[in-house]
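I have placed the structure first, in the form of structure tokens, so that the comments after it can refer back to it.
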Amino acid sequence: MALQSVTAKTHASSREDLLGAASRLHAEVGKRIVGQEAVIDEILMALLAGGHALLVGVPGLAKTLMIRSVSEAMDLEFRRIQFTPDLVPSDITGTEIMEEDTATGSRSFRFVRGPVFANILLADEINRAPPRTQAALLEAMQEHRVTAAGETMQLPEPFFVLATQNPIEQEGTYPLPEAQLDRFLFDIRVGYPDENAEIGILRATTGADPEPLAPVINGEETRALQRMVRDIPAAEPALRFAAQLVRATRPAETDAGEMIRKYVRWGAGPRAGQALILGAKAHALLAGRFAVAPTDILRVARPVLRHRILPNFAAEAKGVSAEQIIDRLLEDVKPPKSEIKL
């Protein structure tokens with residue numbers, strides 16, 4: 001019994017240490033980013049859930065700076081790819097080069113790994129590259145590996161793709177296919193800051209150069225937090241609620257609402273349910289709780305579903321957005337009553 005008590009205390013201490021590391025990460029990034037707390041929360045939730053995130057917002061809202069700040073505060077290898085129309089797949093995955101042995105004169109090929117071989121990959125303006133180049137990330141995002149030069153190579157762990165996209169500039173862009181969008185755990189919308197936050201941004205960015213951020217969490221701690229997220233239990237009502245939300249987005253389902261049947265071409269697939277549960281677990285962990293409540297699922301519903309619901313032509317003609325469809329969905333599908341005290 002004494003040994004069990006010591007083991008339990010050690011486990012609790014380790015868990016608190018990891019939670020402290022997550023809290024420090026949030027605070028460190030917050031030193032540089034002003035007025036985007038919800039966005040920072042969603043980025044960290046995606047990282048702890050082991051998923052990728054797409055940041056969508058107009059220019060000048062610090063999307064790239066946010067991702068750089070997160071990478072600076074994590075002791076992980078960071079690479080950036082600026083997506084352009086002339087980018088080719090080998091610019092991402094790597095390429096073979098020919099080397100000559102000066103002693104023997106023999107020649108051989110050597111594979112030079114591309115920037116995808118990193119822990120955090122910033123895919124800046126991802127929709128500016130053509131579909132063939134975008135597809136170079138599909139295997140990496142789903143299976144954390146790359147097949148090139150006839151060889152399959154594992155990517156370093158942890159591995160995250162954090163991509164940015166401008167929603168208003170369409171000239172010279174290539175919309176991401178649904179198969180690739182579905183590989184992003186979250187579609188995070190970066191909006192304009194409020195007045196006080198904007199004043200804070202002006203104050204912080206027009207004075208002396210900001211101090212560099214300190215790395216407060218390493219790869220081992222990140223992997224441990226990801227395992228902790230997976231270990232958080234989700235009770236049957238939470239699982240059922242997530243499944244009901246996802247199924248209610250599909251117009252062919254009998255329990256789909258009128259708005260879904262009228263304005264949705266394709267609904268979310270099973271991966272959306274997985275993202276709801278994993279995102280909810282990460283949200284609960286960041287709140288210091290070790291069980292999933294319906295409010296956790298509701299908190300991540302929008303970033304999980306907004307890129308997995310495809311409005312039809314009638315919706316486009318009426319100006320009905322995916323956001324409006326999700327708002328109605330969350331009104332129609334009622335969460336179960338929770339006994340978890342928040």
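Scheme for the structure tokens: letters A, B, ... for chains in order shown; per-chain residue numbers from 1; ligand numbers from 1 in order shown.
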
Counting only C-alpha atoms, which residues of range 168-217 of chain A sit at most 12 Å from some atom of range 140-147 of chain A, and what is each one's closest atom pair with its distance in Å to one decimal, listed by chain and rising residue number, as JSON lines?
{"residue": "A:Ala179", "atom": "CA", "partner": "A:Gln142", "partner_atom": "CA", "distance": 10.6}
{"residue": "A:Gln180", "atom": "CA", "partner": "A:Met141", "partner_atom": "CA", "distance": 8.8}
{"residue": "A:Leu181", "atom": "CA", "partner": "A:Met141", "partner_atom": "CA", "distance": 10.7}
{"residue": "A:Asp182", "atom": "CA", "partner": "A:Gln142", "partner_atom": "CA", "distance": 9.9}
{"residue": "A:Arg183", "atom": "CA", "partner": "A:Gln142", "partner_atom": "CA", "distance": 6.6}
{"residue": "A:Phe184", "atom": "CA", "partner": "A:Met141", "partner_atom": "CA", "distance": 8.2}
{"residue": "A:Leu185", "atom": "CA", "partner": "A:Met141", "partner_atom": "CA", "distance": 10.3}

Open item on the list: Please identify the helix (DSSP H, G or I) residues within range 17-135 of chain A (assignment by DSSP from backbone atoms) and present them as JSON, numbers by chain.
Closed with: {"A": [17, 18, 19, 20, 21, 22, 23, 24, 25, 26, 27, 28, 29, 30, 37, 38, 39, 40, 41, 42, 43, 44, 45, 46, 47, 48, 63, 64, 65, 66, 67, 68, 69, 70, 71, 72, 90, 91, 92, 93, 126, 127, 128, 131, 132, 133, 134, 135]}

Could you write those residues out with C-alpha atoms, as an mmCIF file, in the first residue's frame?
data_model
loop_
_atom_site.group_PDB
_atom_site.id
_atom_site.type_symbol
_atom_site.label_atom_id
_atom_site.label_comp_id
_atom_site.auth_asym_id
_atom_site.auth_seq_id
_atom_site.Cartn_x
_atom_site.Cartn_y
_atom_site.Cartn_z
ATOM 1 C CA ASP A 17 4.660 19.412 -13.861
ATOM 2 C CA LEU A 18 3.389 18.786 -17.374
ATOM 3 C CA LEU A 19 0.355 20.996 -16.835
ATOM 4 C CA GLY A 20 2.717 23.671 -15.580
ATOM 5 C CA ALA A 21 4.759 23.350 -18.781
ATOM 6 C CA ALA A 22 1.606 23.813 -20.888
ATOM 7 C CA SER A 23 0.670 26.870 -18.846
ATOM 8 C CA ARG A 24 4.150 28.343 -19.282
ATOM 9 C CA LEU A 25 3.933 27.804 -23.032
ATOM 10 C CA HIS A 26 0.669 29.726 -23.195
ATOM 11 C CA ALA A 27 2.083 32.553 -21.055
ATOM 12 C CA GLU A 28 5.318 32.777 -23.064
ATOM 13 C CA VAL A 29 3.492 33.082 -26.402
ATOM 14 C CA GLY A 30 1.158 35.640 -24.809
ATOM 15 C CA GLU A 37 -6.085 34.612 -26.779
ATOM 16 C CA ALA A 38 -8.736 32.386 -28.351
ATOM 17 C CA VAL A 39 -6.532 31.748 -31.390
ATOM 18 C CA ILE A 40 -3.534 30.886 -29.198
ATOM 19 C CA ASP A 41 -5.758 28.522 -27.195
ATOM 20 C CA GLU A 42 -6.841 26.729 -30.357
ATOM 21 C CA ILE A 43 -3.269 26.410 -31.670
ATOM 22 C CA LEU A 44 -2.155 24.877 -28.373
ATOM 23 C CA MET A 45 -5.173 22.562 -28.293
ATOM 24 C CA ALA A 46 -4.285 21.312 -31.774
ATOM 25 C CA LEU A 47 -0.662 20.726 -30.761
ATOM 26 C CA LEU A 48 -1.586 18.852 -27.580
ATOM 27 C CA LYS A 63 -0.768 34.601 -38.284
ATOM 28 C CA THR A 64 2.833 33.853 -39.211
ATOM 29 C CA LEU A 65 4.126 35.641 -36.104
ATOM 30 C CA MET A 66 1.877 33.500 -33.907
ATOM 31 C CA ILE A 67 3.258 30.295 -35.376
ATOM 32 C CA ARG A 68 6.827 31.559 -35.115
ATOM 33 C CA SER A 69 6.219 32.545 -31.488
ATOM 34 C CA VAL A 70 4.846 29.095 -30.638
ATOM 35 C CA SER A 71 7.881 27.463 -32.235
ATOM 36 C CA GLU A 72 10.219 29.845 -30.390
ATOM 37 C CA SER A 90 10.717 18.049 -54.006
ATOM 38 C CA ASP A 91 11.056 21.524 -52.477
ATOM 39 C CA ILE A 92 9.037 20.108 -49.572
ATOM 40 C CA THR A 93 10.059 16.470 -49.266
ATOM 41 C CA ILE A 126 -0.466 27.149 -48.438
ATOM 42 C CA ASN A 127 -3.123 27.810 -51.091
ATOM 43 C CA ARG A 128 -0.615 29.585 -53.381
ATOM 44 C CA PRO A 131 -2.451 20.885 -56.144
ATOM 45 C CA ARG A 132 0.483 18.619 -57.077
ATOM 46 C CA THR A 133 2.689 20.445 -54.595
ATOM 47 C CA GLN A 134 -0.006 20.594 -51.906
ATOM 48 C CA ALA A 135 -0.371 16.818 -52.244
#

Task: Which residue of A:Ala284, A:Ala234, A:Ala275, A:Tyr192 approaches Arg302 in chain A most closely, using only C-alpha atoms - done: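 Closest candidate: A:Ala275.
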
Residues of range 48-105 of chain A at most 12 Å from range 305-308 of chain A: nearest atom pair and distance in Å, only C-alpha atoms, as a Markdown table:
| residue | atom | partner | partner_atom | distance |
| --- | --- | --- | --- | --- |
| A:Ala53 | CA | A:His307 | CA | 11.1 |
| A:Leu54 | CA | A:His307 | CA | 9.6 |
| A:Leu55 | CA | A:His307 | CA | 11.4 |
| A:Val56 | CA | A:His307 | CA | 10.8 |

Since we have the selection now, will you write its residues out, keeping C-alpha atoms, as an mmCIF file, in the first residue's frame?
data_model
loop_
_atom_site.group_PDB
_atom_site.id
_atom_site.type_symbol
_atom_site.label_atom_id
_atom_site.label_comp_id
_atom_site.auth_asym_id
_atom_site.auth_seq_id
_atom_site.Cartn_x
_atom_site.Cartn_y
_atom_site.Cartn_z
ATOM 1 C CA ALA A 53 -3.988 23.582 -37.756
ATOM 2 C CA LEU A 54 -4.925 25.926 -40.599
ATOM 3 C CA LEU A 55 -4.968 29.626 -39.690
ATOM 4 C CA VAL A 56 -7.247 31.688 -41.932
#

- [ ] Between CA of Tyr174 in chain A and CA of Thr95 in chain A, measure the distance and give it in Å to one decimal.
- [x]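 CA of Tyr174 in chain A sits 23.9 Å away from CA of Thr95 in chain A.
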
TODO: Pick out each residue of range 81-143 of chain A that DSSP on the backbone tags as strand (DSSP E or B); I need them as a VMD selection string.
DONE: chain A and resid 81 to 82 94 to 100 107 to 113 120 to 124

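Here CA of His52 in chain A is placed at a distance of 5.4 Å from CA of Phe160 in chain A.
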
- [ ] Quick one: everything within 8 Å of Leu330 in chain A, counting only C-alpha atoms, minus sequence neighbours fewer than 4 positions away in the same chain. Send it as a list of chain:residue names.
- [x]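 My reading of the contact set: A:Leu245, A:Leu298, A:Ile326, A:Lys334.
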
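Atom pair CA of Gly57 in chain A / CA of Leu202 in chain A: separated by 19.1 Å.
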
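Ranking A:Thr173, A:Thr295, A:Gln36, A:Asn119 by their shortest atom-to-atom distance to Ala280 in chain A, with only C-alpha atoms included, puts A:Thr295 first.
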
Open item on the list: Taking 4 positions as the minimum chain separation for residues in the same chain, which residues sit within 7 Å of Gln226 in chain A when counting only C-alpha atoms? Answer as a ChimeraX atom specification.
Closed with: /A:48-50,222,230

Open item on the list: Applying 6 Å and only C-alpha atoms, which residues near range 212-219 of chain A remain after dropping the ones on its own chain fewer than 3 positions away? List them as a list in words.
Closed with: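 My list of contacting residues is Ala73, Met74, Asp75 and Thr222 of chain A.
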
Write a file of the just-selected residues containing N, CA and C atoms, as a JSON list (two decimals), in the first residue's frame.
[["chain", "number", "residue", "atom", "x", "y", "z"],
["A", 73, "ALA", "N", 8.88, 29.28, -28.45],
["A", 73, "ALA", "CA", 8.66, 28.90, -27.06],
["A", 73, "ALA", "C", 8.75, 27.40, -26.84],
["A", 74, "MET", "N", 8.95, 26.63, -27.92],
["A", 74, "MET", "CA", 9.09, 25.19, -27.82],
["A", 74, "MET", "C", 10.48, 24.81, -28.30],
["A", 75, "ASP", "N", 11.15, 23.96, -27.57],
["A", 75, "ASP", "CA", 12.50, 23.52, -27.92],
["A", 75, "ASP", "C", 12.41, 22.41, -28.97],
["A", 222, "THR", "N", 6.30, 17.58, -24.70],
["A", 222, "THR", "CA", 5.19, 17.68, -25.64],
["A", 222, "THR", "C", 4.57, 16.32, -25.90]]

- [ ] Could you check which of A:Ser14, A:Ser108, A:Gln324, A:Thr249 is closest to Ile309 in chain A, using only C-alpha atoms?
- [x]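 Closest candidate: A:Thr249.
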
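Distances from A:Arg289, A:Phe186, A:Thr206, A:Arg79 to Gln274 in chain A were compared using only C-alpha atoms, and the smallest one belongs to A:Phe186.
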
TODO: Select, from A:Ala149, A:Leu276, A:Leu87, A:Ile97, the residue with the minimum atom-to-atom distance to Ala129 in chain A, counting only C-alpha atoms.
DONE: A:Leu87
